[in-house]
Amino acid sequence: MEELFDVYDDNGQWRGLFPRSECHGNPELIHRSVHVVVLDPAQKQILLQKRSMSKDIQPGKWDTAVGGHVAAGESVEAAAQRELAEELGITGNLEFFFESKIRNTIESENVTVFKLISSGPFEFSREEIDEIRFWPLNDFLTLPGRKRNDFTPNLQLELATVCEKLGLI
């Protein structure tokens, strides 16, 4: 059975449940997702994941450490906790430091971005992720305006949001 997404209009009003295949790339069917930006304790590096080459949207590109769709009836906080457990093996009652909302037009979703400070260890899901590694955060301060085909388009916006919230830009 195909995964169903809660879909909302531009005013945030719930429109119903729609199959995943109908949602991606359809601006009329806006669904929700969560991404978690993981920083090392010194906040000098950021954890990125390389998407599995079998993923249906933007395979093989580097993205935020954790990302996934909010299930029908699930809160964004619960979805972030679930995705952290499924993708990186991080469990427990975690404190997220902020949330920020952005629109990912490629996948027609409203993304809630959380920040989490952690240095691992991480047990990542080989089904979802091909590789994870920490990158120097300063590498991304110069990303806007530069063509970086290795990274998902939403990554630049999310990292700019994180850097701005942390006072780095």
# chains A, B, ... in the order shown; residues from 1 in each chain; ligands from 1
$ closest_atom_pairs --of "segment 58-167 of chain A" --to "segment 6-25 of chain A" --cutoff "9 Å" --atoms "only C-alpha atoms" --output "CSV"
residue,atom,partner,partner_atom,distance
A:Val70,CA,A:Asp6,CA,7.9
A:Ala71,CA,A:Asp6,CA,7.2
A:Ala72,CA,A:Asp6,CA,5.2
A:Gly73,CA,A:Asp6,CA,7.5
A:Thr105,CA,A:Gly25,CA,7.1
A:Ile106,CA,A:Gly25,CA,5.5
A:Glu107,CA,A:His24,CA,4.5
A:Ser108,CA,A:Gly25,CA,5.2
A:Glu109,CA,A:His24,CA,7.9
$ select_by_dssp --residues "segment 6-141 of chain A" --states "alpha helix (DSSP H)" --output "PDB file with C-alpha atoms, in the first residue's frame"
ATOM      1  CA  ARG A  20       2.795   9.959  -2.113  1.00  0.00           C
ATOM      2  CA  SER A  21       3.027   9.554  -5.904  1.00  0.00           C
ATOM      3  CA  GLU A  22       0.494  12.358  -6.419  1.00  0.00           C
ATOM      4  CA  CYS A  23       2.157  14.789  -4.009  1.00  0.00           C
ATOM      5  CA  VAL A  76       6.285  17.515  13.523  1.00  0.00           C
ATOM      6  CA  GLU A  77       8.122  16.875  16.802  1.00  0.00           C
ATOM      7  CA  ALA A  78       7.093  13.201  16.830  1.00  0.00           C
ATOM      8  CA  ALA A  79       8.080  12.883  13.164  1.00  0.00           C
ATOM      9  CA  ALA A  80      11.526  14.347  13.885  1.00  0.00           C
ATOM     10  CA  GLN A  81      12.028  11.890  16.767  1.00  0.00           C
ATOM     11  CA  ARG A  82      10.889   8.976  14.579  1.00  0.00           C
ATOM     12  CA  GLU A  83      13.137   9.959  11.676  1.00  0.00           C
ATOM     13  CA  LEU A  84      16.157  10.357  13.988  1.00  0.00           C
ATOM     14  CA  ALA A  85      15.562   6.842  15.328  1.00  0.00           C
ATOM     15  CA  GLU A  86      14.973   5.296  11.887  1.00  0.00           C
ATOM     16  CA  GLU A  87      17.782   7.003   9.986  1.00  0.00           C
ATOM     17  CA  LEU A  88      20.537   7.570  12.568  1.00  0.00           C
TER      18      LEU A  88
END
$ residues_around --residues "Asp130 of chain A" --least-positions-apart "3" --cutoff "9 Å" --atoms "only C-alpha atoms" --output "mmCIF file with all heavy atoms, in the first residue's frame"
data_model
loop_
_atom_site.group_PDB
_atom_site.id
_atom_site.type_symbol
_atom_site.label_atom_id
_atom_site.label_comp_id
_atom_site.auth_asym_id
_atom_site.auth_seq_id
_atom_site.Cartn_x
_atom_site.Cartn_y
_atom_site.Cartn_z
ATOM 1 N N GLN A 49 24.026 13.742 5.283
ATOM 2 C CA GLN A 49 23.832 12.384 4.793
ATOM 3 C C GLN A 49 23.794 12.405 3.277
ATOM 4 O O GLN A 49 23.292 13.355 2.674
ATOM 5 C CB GLN A 49 22.531 11.787 5.343
ATOM 6 C CG GLN A 49 21.286 12.618 5.018
ATOM 7 C CD GLN A 49 20.192 11.845 4.319
ATOM 8 O OE1 GLN A 49 20.453 11.118 3.365
ATOM 9 N NE2 GLN A 49 18.973 12.008 4.784
ATOM 10 N N LYS A 50 24.354 11.368 2.681
ATOM 11 C CA LYS A 50 24.248 11.198 1.234
ATOM 12 C C LYS A 50 23.085 10.252 0.982
ATOM 13 O O LYS A 50 23.081 9.117 1.456
ATOM 14 C CB LYS A 50 25.539 10.637 0.644
ATOM 15 C CG LYS A 50 25.552 10.679 -0.862
ATOM 16 C CD LYS A 50 26.927 10.332 -1.401
ATOM 17 C CE LYS A 50 26.977 10.557 -2.893
ATOM 18 N NZ LYS A 50 28.289 10.218 -3.432
ATOM 19 N N ARG A 51 22.103 10.739 0.263
ATOM 20 C CA ARG A 51 20.900 9.946 0.005
ATOM 21 C C ARG A 51 21.235 8.666 -0.743
ATOM 22 O O ARG A 51 22.124 8.634 -1.586
ATOM 23 C CB ARG A 51 19.915 10.755 -0.850
ATOM 24 C CG ARG A 51 19.326 11.953 -0.161
ATOM 25 C CD ARG A 51 18.642 12.838 -1.180
ATOM 26 N NE ARG A 51 17.940 13.931 -0.554
ATOM 27 C CZ ARG A 51 16.622 14.011 -0.482
ATOM 28 N NH1 ARG A 51 15.870 13.059 -0.978
ATOM 29 N NH2 ARG A 51 16.053 15.032 0.101
ATOM 30 N N SER A 52 20.471 7.639 -0.465
ATOM 31 C CA SER A 52 20.626 6.376 -1.173
ATOM 32 C C SER A 52 20.339 6.587 -2.656
ATOM 33 O O SER A 52 19.448 7.353 -3.030
ATOM 34 C CB SER A 52 19.650 5.345 -0.604
ATOM 35 O OG SER A 52 19.586 4.230 -1.440
ATOM 36 N N MET A 53 21.098 5.924 -3.505
ATOM 37 C CA MET A 53 20.894 6.054 -4.953
ATOM 38 C C MET A 53 19.545 5.484 -5.386
ATOM 39 O O MET A 53 19.089 5.724 -6.489
ATOM 40 C CB MET A 53 22.022 5.355 -5.715
ATOM 41 C CG MET A 53 23.337 6.118 -5.649
ATOM 42 S SD MET A 53 23.235 7.814 -6.300
ATOM 43 C CE MET A 53 22.975 7.496 -8.035
ATOM 44 N N GLY A 60 21.330 10.232 -4.405
ATOM 45 C CA GLY A 60 22.771 10.415 -4.403
ATOM 46 C C GLY A 60 23.264 11.791 -4.024
ATOM 47 O O GLY A 60 24.463 12.049 -4.070
ATOM 48 N N PHE A 124 23.599 4.499 11.064
ATOM 49 C CA PHE A 124 22.669 4.972 10.044
ATOM 50 C C PHE A 124 22.085 3.848 9.196
ATOM 51 O O PHE A 124 22.679 2.799 9.024
ATOM 52 C CB PHE A 124 23.293 6.060 9.178
ATOM 53 C CG PHE A 124 24.435 5.624 8.297
ATOM 54 C CD1 PHE A 124 24.197 5.267 6.990
ATOM 55 C CD2 PHE A 124 25.742 5.625 8.769
ATOM 56 C CE1 PHE A 124 25.246 4.898 6.158
ATOM 57 C CE2 PHE A 124 26.788 5.260 7.949
ATOM 58 C CZ PHE A 124 26.546 4.887 6.642
ATOM 59 N N SER A 125 20.882 4.115 8.689
ATOM 60 C CA SER A 125 20.130 3.154 7.896
ATOM 61 C C SER A 125 20.684 3.074 6.483
ATOM 62 O O SER A 125 20.643 4.048 5.736
ATOM 63 C CB SER A 125 18.662 3.564 7.841
ATOM 64 O OG SER A 125 17.983 2.854 6.829
ATOM 65 N N ARG A 126 21.184 1.915 6.090
ATOM 66 C CA ARG A 126 21.743 1.737 4.742
ATOM 67 C C ARG A 126 20.663 1.775 3.668
ATOM 68 O O ARG A 126 20.960 1.976 2.499
ATOM 69 C CB ARG A 126 22.505 0.416 4.653
ATOM 70 C CG ARG A 126 23.758 0.386 5.503
ATOM 71 C CD ARG A 126 24.839 1.228 4.871
ATOM 72 N NE ARG A 126 26.049 1.190 5.697
ATOM 73 C CZ ARG A 126 27.150 1.816 5.371
ATOM 74 N NH1 ARG A 126 27.219 2.525 4.274
ATOM 75 N NH2 ARG A 126 28.201 1.749 6.154
ATOM 76 N N GLU A 127 19.405 1.570 4.048
ATOM 77 C CA GLU A 127 18.324 1.658 3.057
ATOM 78 C C GLU A 127 18.076 3.104 2.647
ATOM 79 O O GLU A 127 17.736 3.390 1.513
ATOM 80 C CB GLU A 127 17.035 1.061 3.625
ATOM 81 C CG GLU A 127 17.115 -0.432 3.852
ATOM 82 C CD GLU A 127 15.850 -0.965 4.496
ATOM 83 O OE1 GLU A 127 14.867 -0.208 4.612
ATOM 84 O OE2 GLU A 127 15.853 -2.141 4.883
#
$ residues_around --residues "Leu137 of chain A" --least-positions-apart "4" --cutoff "9 Å" --atoms "only C-alpha atoms" --output "list in words"
Leu39, Gln43, Lys44, Gln45, Ile46, Leu141, Leu159 and Cys163 of chain A
$ atom_distance --atom1 "atom CA of Pro27 of chain A" --atom2 "atom CA of Thr152 of chain A"
18.5 Å
$ residues_around --residues "Asp40 of chain A" --least-positions-apart "2" --cutoff "12 Å" --atoms "only C-alpha atoms" --output "ChimeraX atom specification"
/A:37-38,42-48,65,115-121,133-137
$ select_by_dssp --residues "segment 41-152 of chain A" --states "strand (DSSP E)" --output "PDB file with N, CA and C atoms, in the first residue's frame"
ATOM      1  N   GLN A  45      31.024  21.953  13.039  1.00  0.00           N
ATOM      2  CA  GLN A  45      30.787  21.022  11.941  1.00  0.00           C
ATOM      3  C   GLN A  45      29.315  20.645  11.901  1.00  0.00           C
ATOM      4  N   ILE A  46      28.897  20.228  10.731  1.00  0.00           N
ATOM      5  CA  ILE A  46      27.504  19.853  10.522  1.00  0.00           C
ATOM      6  C   ILE A  46      27.469  18.453   9.910  1.00  0.00           C
ATOM      7  N   LEU A  47      26.545  17.633  10.357  1.00  0.00           N
ATOM      8  CA  LEU A  47      26.425  16.270   9.866  1.00  0.00           C
ATOM      9  C   LEU A  47      25.526  16.248   8.637  1.00  0.00           C
ATOM     10  N   LEU A  48      26.034  15.688   7.544  1.00  0.00           N
ATOM     11  CA  LEU A  48      25.232  15.536   6.330  1.00  0.00           C
ATOM     12  C   LEU A  48      25.102  14.064   5.987  1.00  0.00           C
ATOM     13  N   GLN A  49      24.026  13.742   5.283  1.00  0.00           N
ATOM     14  CA  GLN A  49      23.832  12.384   4.793  1.00  0.00           C
ATOM     15  C   GLN A  49      23.794  12.405   3.277  1.00  0.00           C
ATOM     16  N   LYS A  50      24.354  11.368   2.681  1.00  0.00           N
ATOM     17  CA  LYS A  50      24.248  11.198   1.234  1.00  0.00           C
ATOM     18  C   LYS A  50      23.085  10.252   0.982  1.00  0.00           C
ATOM     19  N   ARG A  51      22.103  10.739   0.263  1.00  0.00           N
ATOM     20  CA  ARG A  51      20.900   9.946   0.005  1.00  0.00           C
ATOM     21  C   ARG A  51      21.235   8.666  -0.743  1.00  0.00           C
ATOM     22  N   TRP A  62      23.811  15.083  -1.317  1.00  0.00           N
ATOM     23  CA  TRP A  62      24.001  15.347   0.102  1.00  0.00           C
ATOM     24  C   TRP A  62      22.861  16.207   0.618  1.00  0.00           C
ATOM     25  N   ASP A  63      22.413  15.896   1.833  1.00  0.00           N
ATOM     26  CA  ASP A  63      21.264  16.588   2.418  1.00  0.00           C
ATOM     27  C   ASP A  63      21.479  16.722   3.919  1.00  0.00           C
ATOM     28  N   THR A  64      20.521  17.372   4.587  1.00  0.00           N
ATOM     29  CA  THR A  64      20.584  17.463   6.033  1.00  0.00           C
ATOM     30  C   THR A  64      20.645  16.066   6.635  1.00  0.00           C
ATOM     31  N   VAL A  66      18.996  14.352   8.737  1.00  0.00           N
ATOM     32  CA  VAL A  66      17.764  13.570   8.834  1.00  0.00           C
ATOM     33  C   VAL A  66      16.664  14.305   8.098  1.00  0.00           C
ATOM     34  N   GLY A  67      15.875  13.579   7.349  1.00  0.00           N
ATOM     35  CA  GLY A  67      14.728  14.178   6.685  1.00  0.00           C
ATOM     36  C   GLY A  67      13.671  13.140   6.433  1.00  0.00           C
ATOM     37  N   GLY A  68      12.423  13.555   6.526  1.00  0.00           N
ATOM     38  CA  GLY A  68      11.344  12.619   6.239  1.00  0.00           C
ATOM     39  C   GLY A  68       9.991  13.280   6.317  1.00  0.00           C
ATOM     40  N   HIS A  69       9.008  12.574   5.854  1.00  0.00           N
ATOM     41  CA  HIS A  69       7.646  13.089   5.813  1.00  0.00           C
ATOM     42  C   HIS A  69       6.926  12.889   7.137  1.00  0.00           C
ATOM     43  N   GLU A  99      12.888  25.724  15.755  1.00  0.00           N
ATOM     44  CA  GLU A  99      12.310  25.229  14.516  1.00  0.00           C
ATOM     45  C   GLU A  99      12.113  26.406  13.581  1.00  0.00           C
ATOM     46  N   SER A 100      12.211  26.121  12.317  1.00  0.00           N
ATOM     47  CA  SER A 100      12.026  27.133  11.289  1.00  0.00           C
ATOM     48  C   SER A 100      11.290  26.463  10.147  1.00  0.00           C
ATOM     49  N   LYS A 101      10.424  27.184   9.500  1.00  0.00           N
ATOM     50  CA  LYS A 101       9.645  26.589   8.417  1.00  0.00           C
ATOM     51  C   LYS A 101      10.086  27.165   7.071  1.00  0.00           C
ATOM     52  N   ILE A 102      10.303  26.289   6.104  1.00  0.00           N
ATOM     53  CA  ILE A 102      10.634  26.715   4.748  1.00  0.00           C
ATOM     54  C   ILE A 102       9.759  25.933   3.772  1.00  0.00           C
ATOM     55  N   ARG A 103       9.647  26.416   2.543  1.00  0.00           N
ATOM     56  CA  ARG A 103       8.881  25.728   1.508  1.00  0.00           C
ATOM     57  C   ARG A 103       9.849  25.107   0.522  1.00  0.00           C
ATOM     58  N   ASN A 104       9.756  23.807   0.347  1.00  0.00           N
ATOM     59  CA  ASN A 104      10.540  23.084  -0.650  1.00  0.00           C
ATOM     60  C   ASN A 104       9.629  22.900  -1.865  1.00  0.00           C
ATOM     61  N   GLU A 109       6.464  20.607  -0.449  1.00  0.00           N
ATOM     62  CA  GLU A 109       6.252  20.351   0.966  1.00  0.00           C
ATOM     63  C   GLU A 109       6.670  21.550   1.795  1.00  0.00           C
ATOM     64  N   ASN A 110       6.026  21.675   2.940  1.00  0.00           N
ATOM     65  CA  ASN A 110       6.439  22.629   3.952  1.00  0.00           C
ATOM     66  C   ASN A 110       7.348  21.878   4.916  1.00  0.00           C
ATOM     67  N   VAL A 111       8.571  22.380   5.068  1.00  0.00           N
ATOM     68  CA  VAL A 111       9.575  21.688   5.862  1.00  0.00           C
ATOM     69  C   VAL A 111       9.774  22.412   7.189  1.00  0.00           C
ATOM     70  N   THR A 112       9.666  21.670   8.294  1.00  0.00           N
ATOM     71  CA  THR A 112      10.031  22.195   9.597  1.00  0.00           C
ATOM     72  C   THR A 112      11.456  21.747   9.870  1.00  0.00           C
ATOM     73  N   VAL A 113      12.337  22.711  10.096  1.00  0.00           N
ATOM     74  CA  VAL A 113      13.756  22.430  10.299  1.00  0.00           C
ATOM     75  C   VAL A 113      14.070  22.564  11.785  1.00  0.00           C
ATOM     76  N   PHE A 114      14.663  21.521  12.360  1.00  0.00           N
ATOM     77  CA  PHE A 114      15.086  21.531  13.756  1.00  0.00           C
ATOM     78  C   PHE A 114      16.604  21.470  13.813  1.00  0.00           C
ATOM     79  N   LYS A 115      17.162  21.976  14.901  1.00  0.00           N
ATOM     80  CA  LYS A 115      18.601  21.850  15.149  1.00  0.00           C
ATOM     81  C   LYS A 115      18.799  20.952  16.352  1.00  0.00           C
ATOM     82  N   LEU A 116      19.774  20.057  16.269  1.00  0.00           N
ATOM     83  CA  LEU A 116      20.111  19.173  17.375  1.00  0.00           C
ATOM     84  C   LEU A 116      21.626  19.144  17.511  1.00  0.00           C
ATOM     85  N   ILE A 117      22.125  19.289  18.728  1.00  0.00           N
ATOM     86  CA  ILE A 117      23.568  19.205  18.952  1.00  0.00           C
ATOM     87  C   ILE A 117      23.898  17.778  19.377  1.00  0.00           C
ATOM     88  N   ILE A 129      20.308   5.847   3.512  1.00  0.00           N
ATOM     89  CA  ILE A 129      21.502   6.681   3.429  1.00  0.00           C
ATOM     90  C   ILE A 129      22.686   5.851   2.954  1.00  0.00           C
ATOM     91  N   ASP A 130      23.462   6.398   2.017  1.00  0.00           N
ATOM     92  CA  ASP A 130      24.684   5.725   1.567  1.00  0.00           C
ATOM     93  C   ASP A 130      25.892   6.070   2.437  1.00  0.00           C
ATOM     94  N   GLU A 131      25.911   7.291   2.973  1.00  0.00           N
ATOM     95  CA  GLU A 131      27.071   7.732   3.749  1.00  0.00           C
ATOM     96  C   GLU A 131      26.651   8.901   4.633  1.00  0.00           C
ATOM     97  N   ILE A 132      27.265   9.033   5.807  1.00  0.00           N
ATOM     98  CA  ILE A 132      27.103  10.238   6.617  1.00  0.00           C
ATOM     99  C   ILE A 132      28.491  10.724   7.009  1.00  0.00           C
ATOM    100  N   ARG A 133      28.633  12.045   7.121  1.00  0.00           N
ATOM    101  CA  ARG A 133      29.894  12.590   7.619  1.00  0.00           C
ATOM    102  C   ARG A 133      29.718  14.040   8.044  1.00  0.00           C
ATOM    103  N   PHE A 134      30.585  14.446   8.957  1.00  0.00           N
ATOM    104  CA  PHE A 134      30.598  15.838   9.388  1.00  0.00           C
ATOM    105  C   PHE A 134      31.364  16.674   8.365  1.00  0.00           C
ATOM    106  N   TRP A 135      30.853  17.871   8.102  1.00  0.00           N
ATOM    107  CA  TRP A 135      31.493  18.837   7.210  1.00  0.00           C
ATOM    108  C   TRP A 135      31.737  20.116   7.999  1.00  0.00           C
ATOM    109  N   PRO A 136      32.842  20.819   7.721  1.00  0.00           N
ATOM    110  CA  PRO A 136      33.047  22.123   8.364  1.00  0.00           C
ATOM    111  C   PRO A 136      31.911  23.077   7.985  1.00  0.00           C
TER     112      PRO A 136
END
$ atom_distance --atom1 "atom CA of Ile30 of chain A" --atom2 "atom CA of Ser54 of chain A"
23.5 Å
$ closest_residue --among "A:Ala160, A:Phe122, A:Glu128, A:Met1" --to "Thr91 of chain A" --atoms "only C-alpha atoms"
A:Phe122
$ atom_distance --atom1 "atom CA of Glu158 of chain A" --atom2 "atom CA of His35 of chain A"
8.7 Å
